[in-house]
Amino acid sequence: MNTTPTGPSPAAARFVTTHTLLSLDARHPYTAKSLIDAQDMHRTVMSGFAGWVDNGSRDARAQMGILSTWTVDLREARLSLVVQSAVPGDWDRVPRAALAEKPHTLTVDRTFRVGDRVDFRTVVNPVRSVSPPPDAPRKTRGTRVAHTRPEHVKGWFARRLQPAGEPAVAPDGVTRIGADADTERLALRMLPKMSSPAPHKGLRIARAEVKGTFTVTDPQVFVAALTQGIGHARAYSCGLILVR
């Protein structure tokens, strides 16, 4: 459900959430499975939030405000997983031997105002929709095709920027993020795709890392983007925007 604000936006907006940093031993089988299988990574993230919503709820992740992102240091054999959530996590289900350090949790409580400049990092799933051919059966859905070149990813990201005075939703229907950035100063890096074997054959998630500096133009919309994430594959550690 899109809850991007419409109409006039206040000059300031407050962002409150919980961030947990999990440092995992990449050599432990529990961690290794999460690196190999996107669905296992999803289960690792969600394992900290059992009992908050009914089992089988289709929008459980969204109800609990869960987003995540991760990096791996192959030299140190360490997976660093950041989990954002609206409710506190319980990480006792993660094997103790898989933890390189005790989970570290902090509350984020920050107010953003028009003109604020913040450095950011995000890992996104940059895809575009391709309409079905004219002779396809009715109600045939289009397909999502991943951008694989940095310049195309930059264009995908630029469409979500919101220059001052522009609405929260672009003319082509793309939801913007309440902030602008100098696209020439963005740092982009294509990351390895994530996939999942059976029973999720065919699941392949393109990923790209984007770093830069935002100038907040619409605080309420910006906080919505921080809260909900951007793009697709948010259940698979894409879309979380980290700012400092």
# chains A, B, ... in the order shown; residues from 1 in each chain; ligands from 1
>>> residues_around(residues="Trp91 of chain A", least_positions_apart="5", cutoff="8 Å", atoms="only C-alpha atoms", output="JSON, numbers by chain")
{"A": [47, 48, 103]}
>>> select_by_dssp(residues="segment 26-226 of chain A", states="strand (DSSP E)", output="ChimeraX atom specification")
/A:67-73,78-85,104-113,117-124,127-130,143-146,179-180,187-196,203-216
>>> select_by_dssp(residues="segment 38-239 of chain A", states="alpha helix (DSSP H)", output="short mmCIF file (atom, residue, chain, number, x, y, z; two decimals) with N, CA, C and O atoms, in the first residue's frame")
data_model
loop_
_atom_site.label_atom_id
_atom_site.label_comp_id
_atom_site.auth_asym_id
_atom_site.auth_seq_id
_atom_site.Cartn_x
_atom_site.Cartn_y
_atom_site.Cartn_z
N ALA A 38 18.71 -16.27 -1.23
CA ALA A 38 18.00 -15.05 -0.86
C ALA A 38 16.86 -15.33 0.10
O ALA A 38 16.56 -14.52 0.98
N GLN A 39 16.21 -16.49 -0.05
CA GLN A 39 15.10 -16.82 0.83
C GLN A 39 15.60 -17.12 2.24
O GLN A 39 14.95 -16.79 3.23
N ASP A 40 16.81 -17.71 2.35
CA ASP A 40 17.39 -17.94 3.67
C ASP A 40 17.76 -16.62 4.34
O ASP A 40 17.60 -16.47 5.55
N MET A 41 18.27 -15.67 3.55
CA MET A 41 18.56 -14.36 4.12
C MET A 41 17.28 -13.71 4.65
O MET A 41 17.27 -13.10 5.73
N HIS A 42 16.21 -13.84 3.89
CA HIS A 42 14.91 -13.31 4.33
C HIS A 42 14.49 -13.96 5.65
O HIS A 42 14.04 -13.27 6.58
N ARG A 43 14.66 -15.28 5.75
CA ARG A 43 14.28 -15.97 6.99
C ARG A 43 15.16 -15.55 8.15
O ARG A 43 14.69 -15.43 9.30
N THR A 44 16.45 -15.30 7.89
CA THR A 44 17.34 -14.83 8.95
C THR A 44 16.85 -13.50 9.51
O THR A 44 16.79 -13.30 10.72
N VAL A 45 16.47 -12.58 8.61
CA VAL A 45 15.97 -11.27 9.04
C VAL A 45 14.67 -11.43 9.83
O VAL A 45 14.51 -10.86 10.92
N MET A 46 13.75 -12.20 9.29
CA MET A 46 12.43 -12.31 9.91
C MET A 46 12.44 -13.15 11.18
O MET A 46 11.50 -13.08 11.98
N ALA A 60 3.28 -9.21 6.65
CA ALA A 60 3.91 -9.19 7.97
C ALA A 60 5.11 -8.25 8.00
O ALA A 60 5.27 -7.47 8.94
N ARG A 61 5.95 -8.31 6.99
CA ARG A 61 7.15 -7.46 6.98
C ARG A 61 6.77 -5.99 7.01
O ARG A 61 7.34 -5.20 7.78
N ALA A 62 5.79 -5.60 6.19
CA ALA A 62 5.38 -4.21 6.14
C ALA A 62 4.73 -3.77 7.46
O ALA A 62 4.94 -2.65 7.92
N GLN A 63 3.91 -4.64 8.06
CA GLN A 63 3.28 -4.29 9.32
C GLN A 63 4.31 -3.96 10.40
O GLN A 63 4.10 -3.06 11.22
N PRO A 150 25.60 0.64 -14.93
CA PRO A 150 25.56 1.71 -13.94
C PRO A 150 24.82 2.95 -14.42
O PRO A 150 24.08 3.59 -13.64
N GLU A 151 24.99 3.33 -15.69
CA GLU A 151 24.31 4.53 -16.18
C GLU A 151 22.80 4.37 -16.19
O GLU A 151 22.06 5.33 -15.98
N HIS A 152 22.33 3.15 -16.43
CA HIS A 152 20.88 2.90 -16.40
C HIS A 152 20.36 2.91 -14.96
O HIS A 152 19.25 3.37 -14.70
N VAL A 153 21.18 2.38 -14.04
CA VAL A 153 20.80 2.43 -12.63
C VAL A 153 20.72 3.88 -12.15
O VAL A 153 19.81 4.26 -11.42
N LYS A 154 21.66 4.69 -12.61
CA LYS A 154 21.64 6.11 -12.24
C LYS A 154 20.36 6.77 -12.73
O LYS A 154 19.74 7.56 -12.01
N GLY A 155 19.95 6.44 -13.94
CA GLY A 155 18.69 6.98 -14.46
C GLY A 155 17.50 6.51 -13.66
O GLY A 155 16.57 7.28 -13.38
N TRP A 156 17.51 5.24 -13.27
CA TRP A 156 16.43 4.67 -12.43
C TRP A 156 16.34 5.43 -11.12
O TRP A 156 15.25 5.79 -10.67
N PHE A 157 17.49 5.69 -10.50
CA PHE A 157 17.52 6.37 -9.21
C PHE A 157 17.12 7.84 -9.37
O PHE A 157 16.38 8.39 -8.53
N ALA A 158 17.60 8.48 -10.43
CA ALA A 158 17.31 9.90 -10.65
C ALA A 158 15.82 10.15 -10.79
O ALA A 158 15.31 11.21 -10.40
N PRO A 219 10.24 16.98 3.74
CA PRO A 219 10.55 16.12 4.89
C PRO A 219 9.56 14.98 5.11
O PRO A 219 9.97 13.86 5.44
N GLN A 220 8.27 15.24 4.93
CA GLN A 220 7.29 14.19 5.17
C GLN A 220 7.45 13.04 4.19
O GLN A 220 7.40 11.86 4.56
N VAL A 221 7.67 13.37 2.93
CA VAL A 221 7.88 12.34 1.91
C VAL A 221 9.20 11.61 2.15
O VAL A 221 9.31 10.40 1.97
N PHE A 222 10.21 12.36 2.58
CA PHE A 222 11.51 11.77 2.85
C PHE A 222 11.43 10.75 3.97
O PHE A 222 11.96 9.63 3.87
N VAL A 223 10.73 11.09 5.05
CA VAL A 223 10.55 10.15 6.15
C VAL A 223 9.76 8.92 5.70
O VAL A 223 10.06 7.79 6.12
N ALA A 224 8.79 9.11 4.82
CA ALA A 224 8.05 7.95 4.28
C ALA A 224 8.98 7.03 3.52
O ALA A 224 8.89 5.80 3.62
N ALA A 225 9.92 7.60 2.74
CA ALA A 225 10.87 6.78 1.99
C ALA A 225 11.82 6.04 2.93
O ALA A 225 12.15 4.87 2.70
N LEU A 226 12.26 6.71 3.98
CA LEU A 226 13.13 6.06 4.96
C LEU A 226 12.39 4.93 5.66
O LEU A 226 12.97 3.88 5.97
N THR A 227 11.11 5.13 5.93
CA THR A 227 10.32 4.15 6.66
C THR A 227 9.95 2.95 5.80
O THR A 227 10.02 1.80 6.25
N GLN A 228 9.54 3.21 4.56
CA GLN A 228 9.00 2.15 3.70
C GLN A 228 10.03 1.56 2.75
O GLN A 228 9.81 0.47 2.21
#
>>> closest_residue(among="A:Arg244, A:His19, A:Arg149, A:Arg160", to="Ile66 of chain A", atoms="only C-alpha atoms")
A:His19
>>> residues_around(residues="Gly231 of chain A", least_positions_apart="3", cutoff="9 Å", atoms="only C-alpha atoms", output="list of chain:residue names")
A:Val124, A:Asn125, A:Pro126, A:Val127, A:Arg234, A:Cys238, A:Gly239
>>> atom_distance(atom1="atom CA of Gly56 of chain A", atom2="atom CA of Thr105 of chain A")
26.7 Å
>>> closest_residue(among="A:Ser129, A:Thr17, A:Ser34, A:Ser196", to="Leu106 of chain A", atoms="only C-alpha atoms")
A:Thr17
>>> atom_distance(atom1="atom CA of Thr215 of chain A", atom2="atom CA of Val118 of chain A")
6.7 Å
>>> residues_around(residues="Ala164 of chain A", least_positions_apart="6", cutoff="10 Å", atoms="only C-alpha atoms", output="CSV table (one decimal) with N, CA, C and O atoms, in the first residue's frame")
chain,number,residue,atom,x,y,z
A,114,VAL,N,13.5,20.9,5.7
A,114,VAL,CA,13.8,21.3,4.3
A,114,VAL,C,15.2,21.9,4.3
A,114,VAL,O,15.6,22.8,5.1
A,115,GLY,N,16.0,21.5,3.3
A,115,GLY,CA,17.4,22.0,3.2
A,115,GLY,C,18.4,21.2,3.9
A,115,GLY,O,19.6,21.4,3.7
A,178,GLY,N,11.4,12.6,-1.7
A,178,GLY,CA,11.4,13.8,-0.8
A,178,GLY,C,12.8,14.4,-0.6
A,178,GLY,O,13.0,15.2,0.3
A,179,ALA,N,13.7,14.1,-1.6
A,179,ALA,CA,15.0,14.7,-1.5
A,179,ALA,C,15.6,14.7,-2.9
A,179,ALA,O,15.2,14.0,-3.8
A,180,ASP,N,16.6,15.6,-3.1
A,180,ASP,CA,17.3,15.7,-4.4
A,180,ASP,C,18.7,15.4,-4.1
A,180,ASP,O,19.2,15.4,-3.0
A,215,THR,N,19.8,16.3,-0.4
A,215,THR,CA,19.3,17.6,0.1
A,215,THR,C,17.8,17.4,0.3
A,215,THR,O,17.0,17.1,-0.7
A,216,VAL,N,17.3,17.4,1.5
A,216,VAL,CA,15.9,17.2,1.8
A,216,VAL,C,15.0,18.3,1.2
A,216,VAL,O,15.3,19.5,1.5
A,217,THR,N,14.0,18.0,0.4
A,217,THR,CA,13.1,19.0,-0.2
A,217,THR,C,11.7,18.8,0.4
A,217,THR,O,11.0,19.8,0.3
A,218,ASP,N,11.3,17.7,0.8
A,218,ASP,CA,10.0,17.4,1.3
A,218,ASP,C,10.1,16.5,2.5
A,218,ASP,O,10.1,15.2,2.3
>>> residues_around(residues="Glu209 of chain A", least_positions_apart="2", cutoff="6 Å", atoms="only C-alpha atoms", output="CSV table (one decimal) with C-alpha atoms, in the first residue's frame")
chain,number,residue,atom,x,y,z
A,122,THR,CA,21.2,2.2,-0.3
A,123,VAL,CA,21.2,-1.1,-2.1
A,188,LEU,CA,27.3,3.5,-8.1
A,189,ARG,CA,28.4,-0.1,-7.9
>>> closest_residue(among="A:Lys102, A:His147, A:Arg78, A:Arg93", to="Asp25 of chain A", atoms="only C-alpha atoms")
A:Arg78
>>> atom_distance(atom1="atom CA of Val210 of chain A", atom2="atom CA of Gly173 of chain A")
22.1 Å
>>> closest_residue(among="A:Thr148, A:Gln84, A:Gln162, A:Asn55", to="Ile205 of chain A", atoms="only C-alpha atoms")
A:Thr148
>>> closest_residue(among="A:Arg185, A:Arg14, A:Arg75, A:Lys211", to="Phe112 of chain A", atoms="only C-alpha atoms")
A:Arg14
>>> residues_around(residues="Thr20 of chain A", least_positions_apart="6", cutoff="6 Å", atoms="only C-alpha atoms", output="compact mmCIF listing (two decimals) with all heavy atoms, in the first residue's frame")
# COMPACT_ATOMS: atom_id res chain seq x y z
N VAL A 82 22.23 -5.11 8.72
CA VAL A 82 21.49 -4.04 9.39
C VAL A 82 20.01 -4.28 9.19
O VAL A 82 19.55 -4.43 8.05
CB VAL A 82 21.87 -2.66 8.86
CG1 VAL A 82 21.05 -1.57 9.56
CG2 VAL A 82 23.36 -2.39 9.05
N VAL A 83 19.26 -4.33 10.29
CA VAL A 83 17.82 -4.55 10.23
C VAL A 83 17.11 -3.34 10.83
O VAL A 83 17.39 -2.95 11.98
CB VAL A 83 17.41 -5.83 10.99
CG1 VAL A 83 15.89 -6.03 10.88
CG2 VAL A 83 18.15 -7.04 10.45
N HIS A 104 23.73 -5.49 18.26
CA HIS A 104 23.72 -4.13 18.81
C HIS A 104 22.49 -3.41 18.28
O HIS A 104 22.30 -3.29 17.07
CB HIS A 104 24.99 -3.40 18.38
CG HIS A 104 25.04 -1.97 18.85
ND1 HIS A 104 25.08 -1.62 20.19
CD2 HIS A 104 25.03 -0.80 18.16
CE1 HIS A 104 25.11 -0.31 20.29
NE2 HIS A 104 25.08 0.22 19.08
N THR A 105 21.65 -2.93 19.19
CA THR A 105 20.40 -2.28 18.82
C THR A 105 20.39 -0.84 19.32
O THR A 105 20.81 -0.56 20.43
CB THR A 105 19.20 -3.04 19.41
OG1 THR A 105 19.18 -4.38 18.91
CG2 THR A 105 17.88 -2.35 19.04
>>> closest_residue(among="A:Ala168, A:Leu67, A:Ala100, A:Ala208", to="Ala235 of chain A", atoms="only C-alpha atoms")
A:Leu67
